[in-house]
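**Student:** Structure: protein-v4.cif, mmCIF, C-alpha atoms and all ligand atoms.
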```cif
data_data
loop_
_atom_site.label_atom_id
_atom_site.label_comp_id
_atom_site.auth_asym_id
_atom_site.auth_seq_id
_atom_site.Cartn_x
_atom_site.Cartn_y
_atom_site.Cartn_z
CA MET A 201 0.00 0.00 0.00
CA LYS A 202 1.33 3.46 -0.89
CA ILE A 203 1.28 5.73 2.17
CA SER A 204 1.30 9.49 1.69
CA GLN A 205 4.26 11.19 3.42
CA SER A 206 1.89 13.94 4.55
CA HIS A 207 -0.10 11.49 6.68
CA PRO A 208 0.35 12.49 10.35
CA ARG A 209 1.22 8.89 11.25
CA PHE A 210 3.37 8.26 8.19
CA GLU A 211 6.32 6.73 10.08
CA SER A 212 4.14 4.39 12.12
CA LEU A 213 2.18 3.30 9.02
CA ARG A 214 5.37 2.83 7.00
CA THR A 215 6.76 0.59 9.74
CA ARG A 216 3.57 -1.47 9.89
CA GLU A 217 3.60 -1.87 6.11
CA LEU A 218 7.23 -3.07 6.21
CA LEU A 219 6.30 -5.70 8.78
CA VAL A 220 3.19 -6.86 6.90
CA GLN A 221 5.28 -7.26 3.74
CA ALA A 222 7.89 -9.14 5.76
CA VAL A 223 5.21 -11.54 7.03
CA ILE A 224 4.08 -12.11 3.43
CA ASN A 225 7.73 -12.70 2.40
CA GLY A 226 8.27 -15.17 5.22
CA ILE A 227 10.81 -13.06 7.13
CA VAL A 228 8.59 -12.20 10.09
CA ALA A 229 6.38 -14.70 11.93
CA PRO A 230 2.75 -13.51 12.40
CA GLN A 231 3.47 -13.27 16.13
CA GLY A 232 6.02 -10.56 15.25
CA LEU A 233 3.12 -8.24 14.41
CA LEU A 234 1.72 -8.63 17.92
CA ALA A 235 5.13 -7.99 19.46
CA HIS A 236 5.36 -4.84 17.36
CA GLY A 237 1.91 -3.75 18.55
CA ARG A 238 3.05 -4.04 22.14
CA GLY A 239 6.05 -1.90 21.29
CA GLU A 240 3.93 0.72 19.49
CA ALA A 241 1.75 1.21 22.57
CA PHE A 242 4.84 2.05 24.62
CA ASP A 243 6.14 4.28 21.84
CA TYR A 244 3.03 6.44 22.26
CA LEU A 245 3.80 6.76 25.96
CA ILE A 246 7.30 8.08 25.29
CA GLY A 247 6.05 10.57 22.67
CA GLU A 248 7.53 8.61 19.73
CA LYS A 249 10.91 10.22 20.17
CA THR A 250 14.25 9.25 21.66
CA LEU A 251 14.36 10.08 25.37
CA PRO A 252 17.58 11.50 26.89
CA SER A 253 18.03 8.29 28.91
CA ALA A 254 17.84 6.21 25.71
CA ARG A 255 20.42 8.41 24.01
CA LYS A 256 22.72 7.92 27.00
CA ALA A 257 22.21 4.14 26.97
CA ALA A 258 22.88 4.03 23.21
CA LYS A 259 26.18 5.84 23.70
CA VAL A 260 27.26 3.42 26.43
CA ALA A 261 26.08 0.48 24.30
CA ALA A 262 28.24 1.65 21.40
CA ALA A 263 31.23 1.96 23.73
CA SER A 264 30.61 -1.52 25.13
CA LEU A 265 30.39 -3.06 21.64
CA LEU A 266 33.61 -1.30 20.58
CA LEU A 267 35.43 -2.57 23.68
CA ALA A 268 34.23 -6.16 23.32
CA ASP A 269 36.57 -9.01 22.35
CA HIS A 270 33.80 -10.77 20.47
CA PRO A 271 30.65 -8.69 19.98
CA VAL A 272 27.60 -10.32 18.42
CA ILE A 273 24.42 -8.77 17.07
CA SER A 274 21.48 -11.14 17.44
CA VAL A 275 18.87 -10.63 14.72
CA ASN A 276 15.24 -11.76 14.58
CA GLY A 277 12.65 -11.27 11.85
CA ASN A 278 11.34 -7.88 13.04
CA ALA A 279 14.86 -6.43 13.28
CA ALA A 280 15.77 -7.73 9.80
CA ALA A 281 12.56 -6.26 8.37
CA LEU A 282 12.79 -2.85 10.02
CA VAL A 283 16.49 -1.92 10.10
CA PRO A 284 18.50 -4.23 7.80
CA ASN A 285 20.80 -1.49 6.47
CA GLU A 286 21.57 -0.13 9.92
CA LEU A 287 22.32 -3.64 11.25
CA ALA A 288 24.81 -4.12 8.41
CA HIS A 289 26.38 -0.68 9.03
CA LEU A 290 26.69 -1.38 12.75
CA ALA A 291 28.21 -4.80 12.19
CA SER A 292 30.87 -3.41 9.85
CA THR A 293 31.64 -0.36 12.02
CA ILE A 294 32.21 -2.23 15.30
CA PRO A 295 33.09 -4.83 13.70
CA ALA A 296 30.67 -7.45 15.09
CA ASP A 297 29.31 -10.81 13.99
CA ILE A 298 25.65 -11.15 13.12
CA GLU A 299 23.71 -14.19 14.29
CA VAL A 300 20.13 -15.11 13.43
CA ASN A 301 18.20 -16.13 16.52
CA LEU A 302 14.47 -16.73 16.37
CA PHE A 303 11.78 -17.50 18.90
CA HIS A 304 9.51 -19.00 16.22
CA ARG A 305 12.27 -20.91 14.52
CA SER A 306 12.18 -22.36 11.01
CA LEU A 307 15.11 -23.12 8.73
CA GLU A 308 13.37 -21.42 5.83
CA ARG A 309 12.93 -18.18 7.76
CA GLU A 310 16.49 -18.29 9.09
CA LYS A 311 17.79 -18.64 5.53
CA LYS A 312 15.61 -15.80 4.29
CA ILE A 313 16.83 -13.47 7.05
CA ALA A 314 20.44 -14.48 6.36
CA SER A 315 20.02 -13.73 2.66
CA VAL A 316 18.59 -10.25 3.41
CA LEU A 317 21.74 -9.52 5.42
CA LYS A 318 24.09 -11.11 2.90
CA ARG A 319 22.64 -8.94 0.14
CA LEU A 320 23.74 -5.97 2.29
CA GLY A 321 27.33 -7.15 2.39
CA ILE A 322 27.44 -9.32 5.54
CA LYS A 323 29.60 -12.21 4.37
CA ASN A 324 29.02 -14.65 7.19
CA VAL A 325 25.68 -14.81 8.98
CA LEU A 326 25.87 -17.12 11.99
CA GLY A 327 23.23 -19.28 13.67
CA VAL A 328 21.47 -20.70 10.61
CA GLY A 329 20.14 -24.28 10.90
CA ALA A 330 22.57 -26.84 12.29
CA GLU A 331 25.18 -24.10 12.91
CA ALA A 332 23.22 -23.18 16.04
CA SER A 333 24.52 -26.28 17.77
CA THR A 334 25.18 -24.96 21.27
CA ARG A 335 22.44 -24.74 23.90
CA ILE A 336 22.21 -21.96 26.45
CA LEU A 337 21.09 -23.41 29.77
CA GLY A 338 17.94 -22.10 31.43
CA ILE A 339 15.87 -21.34 28.31
CA SER A 340 12.89 -23.39 27.25
CA SER A 341 12.25 -21.68 23.89
CA PRO A 342 14.06 -22.44 20.60
CA ARG A 343 16.08 -19.29 21.25
CA ARG A 344 18.31 -21.50 23.43
CA ASN A 345 20.10 -22.81 20.31
CA VAL A 346 23.03 -20.54 19.49
CA ASP A 347 26.06 -20.65 17.25
CA PRO A 348 29.25 -21.76 19.10
CA ASP A 349 31.16 -19.22 16.99
CA GLY A 350 28.67 -16.45 17.80
CA GLN A 351 26.71 -16.06 21.02
CA GLY A 352 28.28 -19.27 22.26
CA ARG A 353 31.60 -17.48 22.81
CA SER A 354 30.66 -13.79 22.75
CA ASP A 355 31.31 -11.38 25.60
CA VAL A 356 28.86 -8.67 24.49
CA VAL A 357 25.55 -9.40 22.75
CA LEU A 358 23.17 -6.85 21.26
CA VAL A 359 19.67 -8.31 21.45
CA PRO A 360 17.13 -6.00 19.84
CA LEU A 361 13.55 -7.12 20.48
CA GLU A 362 14.37 -9.92 22.86
CA ASP A 363 12.50 -12.19 25.21
CA GLY A 364 13.40 -12.01 28.86
CA ASP A 365 14.42 -15.65 29.22
CA ARG A 366 17.42 -15.39 26.96
CA THR A 367 18.55 -12.07 28.41
CA LEU A 368 18.62 -13.61 31.88
CA ALA A 369 20.38 -16.77 30.67
CA LEU A 370 23.07 -14.79 28.85
CA ARG A 371 23.59 -12.59 31.91
CA LYS A 372 23.94 -15.69 34.11
CA ASN A 373 26.56 -16.84 31.63
CA GLY A 374 28.56 -13.70 32.38
CA GLN A 375 27.80 -12.02 29.05
CA THR A 376 26.98 -8.34 28.70
CA VAL A 377 23.51 -7.94 27.18
CA ILE A 378 22.45 -4.78 25.36
CA ALA A 379 18.69 -4.66 24.80
CA ILE A 380 16.53 -2.37 22.70
CA ASP A 381 13.00 -2.47 24.03
CA LEU A 382 10.24 0.13 24.03
CA ASN A 383 8.82 -1.39 27.20
CA PRO A 384 10.95 -0.30 30.17
CA LEU A 385 9.05 -2.77 32.38
CA SER A 386 9.68 -5.92 30.32
CA ARG A 387 11.84 -8.65 31.80
CA THR A 388 14.31 -8.02 29.00
CA ALA A 389 14.58 -4.31 29.79
CA GLN A 390 14.89 -4.98 33.51
CA GLN A 391 17.49 -7.73 33.19
CA ALA A 392 19.78 -6.40 30.46
CA SER A 393 23.14 -4.83 31.28
CA ILE A 394 22.37 -1.82 29.08
CA THR A 395 18.77 -1.09 28.06
CA ILE A 396 17.91 1.32 25.28
CA VAL A 397 14.22 2.15 25.72
CA ASP A 398 13.50 3.32 22.20
CA ASN A 399 12.07 2.16 18.91
CA ILE A 400 14.56 0.01 17.05
CA THR A 401 13.97 2.25 14.01
CA ARG A 402 15.39 5.24 15.95
CA ALA A 403 17.87 3.39 18.17
CA LEU A 404 19.84 1.63 15.42
CA PRO A 405 20.76 4.83 13.51
CA ILE A 406 21.90 6.38 16.82
CA LEU A 407 23.98 3.29 17.60
CA VAL A 408 25.65 3.51 14.18
CA THR A 409 26.43 7.24 14.58
CA GLU A 410 27.74 6.80 18.14
CA SER A 411 29.90 3.83 17.13
CA ARG A 412 31.50 5.78 14.31
CA ARG A 413 32.13 8.75 16.64
CA LEU A 414 33.40 6.76 19.63
CA LYS A 415 35.65 4.60 17.48
CA ARG A 416 37.94 7.62 17.20
CA GLN A 417 38.22 7.98 21.00
CA ASP A 418 40.80 6.27 23.21
CA ARG A 419 39.77 3.01 24.85
CA GLU A 420 40.18 4.33 28.38
CA SER A 421 37.48 6.97 27.85
CA LEU A 422 35.19 4.24 26.47
CA ARG A 423 35.91 2.08 29.53
CA ARG A 424 35.03 5.04 31.76
CA LEU A 425 31.69 5.49 29.95
CA VAL A 426 30.78 1.84 30.53
CA ARG A 427 32.07 1.81 34.14
CA ASP A 428 30.07 4.92 35.11
CA PHE A 429 26.80 3.61 33.67
CA ASP A 430 24.15 2.21 36.01
CA ASN A 431 21.31 0.54 34.07
CA ARG A 432 18.91 0.55 37.00
CA LYS A 433 19.35 4.27 37.58
CA ASN A 434 19.02 4.93 33.86
CA LEU A 435 15.75 2.96 33.73
CA GLU A 436 14.51 5.04 36.66
CA SER A 437 15.35 8.14 34.60
CA THR A 438 13.35 6.66 31.72
CA ILE A 439 10.30 6.23 33.95
CA ARG A 440 10.68 9.82 35.21
CA GLU A 441 10.92 11.07 31.62
CA ILE A 442 7.75 9.16 30.69
CA ILE A 443 5.90 10.54 33.73
CA ALA A 444 7.04 14.08 32.83
CA TYR A 445 5.83 13.58 29.25
CA LEU A 446 2.47 12.21 30.38
CA GLY A 447 2.16 15.10 32.86
CA LYS A 448 1.89 17.46 29.89
CA TRP A 449 -1.32 15.69 28.90
CA ASN A 450 -2.79 16.14 32.36
CA ARG A 451 -3.79 19.79 31.86
P1 LIG A 501 9.76 -10.03 28.21
O1 LIG A 501 9.85 -11.53 28.02
O2 LIG A 501 11.09 -9.37 28.16
O3 LIG A 501 8.94 -9.56 29.40
P2 LIG A 501 7.72 -9.73 26.23
O4 LIG A 501 7.11 -11.01 26.64
O5 LIG A 501 6.89 -8.48 26.27
O6 LIG A 501 9.08 -9.41 26.93
P3 LIG A 501 7.60 -10.10 23.43
O7 LIG A 501 6.23 -10.59 23.55
O8 LIG A 501 8.53 -10.85 22.58
O9 LIG A 501 8.34 -9.91 24.78
O10 LIG A 501 7.44 -8.58 22.98
C1 LIG A 501 8.35 -7.95 22.24
C2 LIG A 501 9.02 -6.82 22.98
O11 LIG A 501 9.65 -6.04 21.96
C3 LIG A 501 8.05 -5.90 23.72
O12 LIG A 501 8.58 -5.60 24.98
C4 LIG A 501 7.98 -4.63 22.87
O13 LIG A 501 7.94 -3.48 23.66
C5 LIG A 501 9.30 -4.68 22.11
N1 LIG A 501 9.22 -4.10 20.76
C6 LIG A 501 8.39 -4.46 19.75
N2 LIG A 501 8.62 -3.73 18.66
C7 LIG A 501 9.62 -2.88 18.97
C8 LIG A 501 10.33 -1.88 18.26
N3 LIG A 501 10.03 -1.58 16.99
N4 LIG A 501 11.33 -1.23 18.89
C9 LIG A 501 11.65 -1.53 20.17
N5 LIG A 501 11.01 -2.45 20.91
C10 LIG A 501 10.01 -3.12 20.33
#
```
Taking this structure as input, can you express it in the form of structure tokens?
Ligand code: ATP

**Tutor:**
Amino acid sequence: MKISQSHPRFESLRTRELLVQAVINGIVAPQGLLAHGRGEAFDYLIGEKTLPSARKAAKVAAASLLLADHPVISVNGNAAALVPNELAHLASTIPADIEVNLFHRSLEREKKIASVLKRLGIKNVLGVGAEASTRILGISSPRRNVDPDGQGRSDVVLVPLEDGDRTLALRKNGQTVIAIDLNPLSRTAQQASITIVDNITRALPILVTESRRLKRQDRESLRRLVRDFDNRKNLESTIREIIAYLGKWNR
């Protein structure tokens, strides 16, 4: 469907259309539409813009990815449908590996997501089919299967649009988890090491810009950024920012 750019909800409608097309093309599972709907509701509550706390978390996340020995970006259908170019840019800037990891797993969908990313220049997409041969303990969903060369041995994992189980399991494994989640109350948001409460469509471009900028800085200043960050306090700031925004509607 062609959406007019003058429509007041152009961006939201464009995003929905991308996801619907991705369901038709077999990249997103139908359940991905419901997950997106949950995210959209929270996006309304934050005013559909990047909050200062999210910008801060994105900066720290970029620093953490740049400092990592083996950073991995975990990609599901929604992420591949909404921000494929930005995922490829981020992976080449850091540089980081990309691994497909799906809740509603099917080999066909994994291959389709991998080919979207390969068309954008990612040579090796991890986690497809039998390559995801390692199991993370403590997860009951198919997301437990990971690539031994990817999340299986990574120290920092970016998990946009995640489920809480895997975030907790990776944390228990000693890995740093960076989450992007519009819901500051989700288990994922609460359990991640660094939570960016923002729409993935806004957060990924910020992550790419920050990574390119911070890459030029010395490693000690990046370490300081990560050391000084407190995710719990930052999430409290997010809640305060949401309350302040909602207060404007309470005239
Ligand atoms: P948890 O297990 O962490 O409590 P959940 O059960 O809510 O999370 P899902 O049902 O998989 O997890 O929901 C998907 C999550 O992804 C939601 O928290 C939603 O806010 C978030 N989300 C969906 N679309 C976007 C988006 N475009 N950008 C950022 N976050 C999103």

**Student:** Residues of region 251-313 of chain A that approach region 368-386 of chain A to 9 Å or less, counting only C-alpha atoms: could you list each one with the shortest pair of atoms and its distance in Å to one decimal, rows by chain and increasing residue number, as a tab-separated table?

**Tutor:**
```
residue	atom	partner	partner_atom	distance
A:Ala261	CA	A:Ile378	CA	6.5
A:Ser264	CA	A:Thr376	CA	8.5
A:Leu265	CA	A:Ile378	CA	8.9
```

**Student:** At a cut-off of 10 Å and counting all atoms listed in the file, what residues surround ligand LIG 501 (chain A)? Please answer as a PyMOL selection string.

**Tutor:** chain A and resi 212+215-216+219+231-243+278-279+282-283+303+360-368+379-392+396-404

**Student:** So, counting only C-alpha atoms, which residue among A:Lys415, A:Arg305, A:Lys249, A:Lys318 is closest to Ala280 (chain A)?

**Tutor:**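 Using only C-alpha atoms, Ala280 (chain A) sits closest to A:Lys318.
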
**Student:** Could you list as a VMD selection string every residue that has an atom within 12 Å of (36.4, 6.4, 25.2), using the file's coordinates and counting only C-alpha atoms?

**Tutor:** chain A and resid 259 to 267 410 to 428

**Student:** Do a neighbour search on Asp349 (chain A) at 9 Å with all atoms listed in the file, toss out local chain neighbours closer than 2 positions, and write the hits as a ChimeraX atom specification.

**Tutor:** /A:326-327,331-332,346-347,351-354

**Student:** With only C-alpha atoms as the counted atoms, please give the residues lying no more than 12 Å from Ala444 (chain A), apart from itself and same-chain residues fewer than 6 positions off, as a VMD selection string.

**Tutor:** chain A and resid 245 to 247 251 437 to 438 450

**Student:** What is the CA of Val300 (chain A)-CA of Leu337 (chain A) distance in Å, reported with one decimal?

**Tutor:** 18.4 Å

**Student:** Could you jot down the CA of Leu307 (chain A) to CA of Leu290 (chain A) separation for me, Å, one decimal place?

**Tutor:**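 These atoms are spaced 25.0 Å apart.
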
**Student:** Show me as a PDB file with C-alpha atoms, in the frame of the given file the residues that reach within 10 Å of (10.6, -10.7, 10.0), counting all atoms listed in the file and using the file's own coordinates.

**Tutor:**
```pdb
ATOM      1  CA  LEU A 218       7.230  -3.070   6.210  1.00  0.00           C
ATOM      2  CA  LEU A 219       6.300  -5.700   8.780  1.00  0.00           C
ATOM      3  CA  VAL A 220       3.190  -6.860   6.900  1.00  0.00           C
ATOM      4  CA  GLN A 221       5.280  -7.260   3.740  1.00  0.00           C
ATOM      5  CA  ALA A 222       7.890  -9.140   5.760  1.00  0.00           C
ATOM      6  CA  VAL A 223       5.210 -11.540   7.030  1.00  0.00           C
ATOM      7  CA  ILE A 224       4.080 -12.110   3.430  1.00  0.00           C
ATOM      8  CA  ASN A 225       7.730 -12.700   2.400  1.00  0.00           C
ATOM      9  CA  GLY A 226       8.270 -15.170   5.220  1.00  0.00           C
ATOM     10  CA  ILE A 227      10.810 -13.060   7.130  1.00  0.00           C
ATOM     11  CA  VAL A 228       8.590 -12.200  10.090  1.00  0.00           C
ATOM     12  CA  ALA A 229       6.380 -14.700  11.930  1.00  0.00           C
ATOM     13  CA  PRO A 230       2.750 -13.510  12.400  1.00  0.00           C
ATOM     14  CA  GLN A 231       3.470 -13.270  16.130  1.00  0.00           C
ATOM     15  CA  GLY A 232       6.020 -10.560  15.250  1.00  0.00           C
ATOM     16  CA  LEU A 233       3.120  -8.240  14.410  1.00  0.00           C
ATOM     17  CA  VAL A 275      18.870 -10.630  14.720  1.00  0.00           C
ATOM     18  CA  ASN A 276      15.240 -11.760  14.580  1.00  0.00           C
ATOM     19  CA  GLY A 277      12.650 -11.270  11.850  1.00  0.00           C
ATOM     20  CA  ASN A 278      11.340  -7.880  13.040  1.00  0.00           C
ATOM     21  CA  ALA A 279      14.860  -6.430  13.280  1.00  0.00           C
ATOM     22  CA  ALA A 280      15.770  -7.730   9.800  1.00  0.00           C
ATOM     23  CA  ALA A 281      12.560  -6.260   8.370  1.00  0.00           C
ATOM     24  CA  LEU A 282      12.790  -2.850  10.020  1.00  0.00           C
ATOM     25  CA  LEU A 302      14.470 -16.730  16.370  1.00  0.00           C
ATOM     26  CA  ARG A 309      12.930 -18.180   7.760  1.00  0.00           C
ATOM     27  CA  GLU A 310      16.490 -18.290   9.090  1.00  0.00           C
ATOM     28  CA  LYS A 312      15.610 -15.800   4.290  1.00  0.00           C
ATOM     29  CA  ILE A 313      16.830 -13.470   7.050  1.00  0.00           C
TER      30      ILE A 313
END
```

**Student:** Which of these, A:Thr409, A:Glu441, A:Gly338, A:Arg343, has the shortest distance to Thr293 (chain A) once you count only C-alpha atoms?

**Tutor:** A:Thr409

**Student:** So what do you get for CA of Pro295 (chain A) versus CA of Ile322 (chain A), distance-wise?

**Tutor:** 10.9 Å

**Student:** Using only C-alpha atoms, which of the listed residues (A:Val356, A:Gly350, A:Asp430, A:Arg319) sits closest to Thr334 (chain A)?

**Tutor:**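 Looking only at the distances to Thr334 (chain A), the closest residue turns out to be A:Gly350.
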
**Student:** Closest to Arg432 (chain A) among A:Ala258, A:Arg451, A:His304, A:Ser393, using only C-alpha atoms?

**Tutor:**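 Of A:Ala258, A:Arg451, A:His304, A:Ser393, the one nearest Arg432 (chain A), counting only C-alpha atoms, is A:Ser393.
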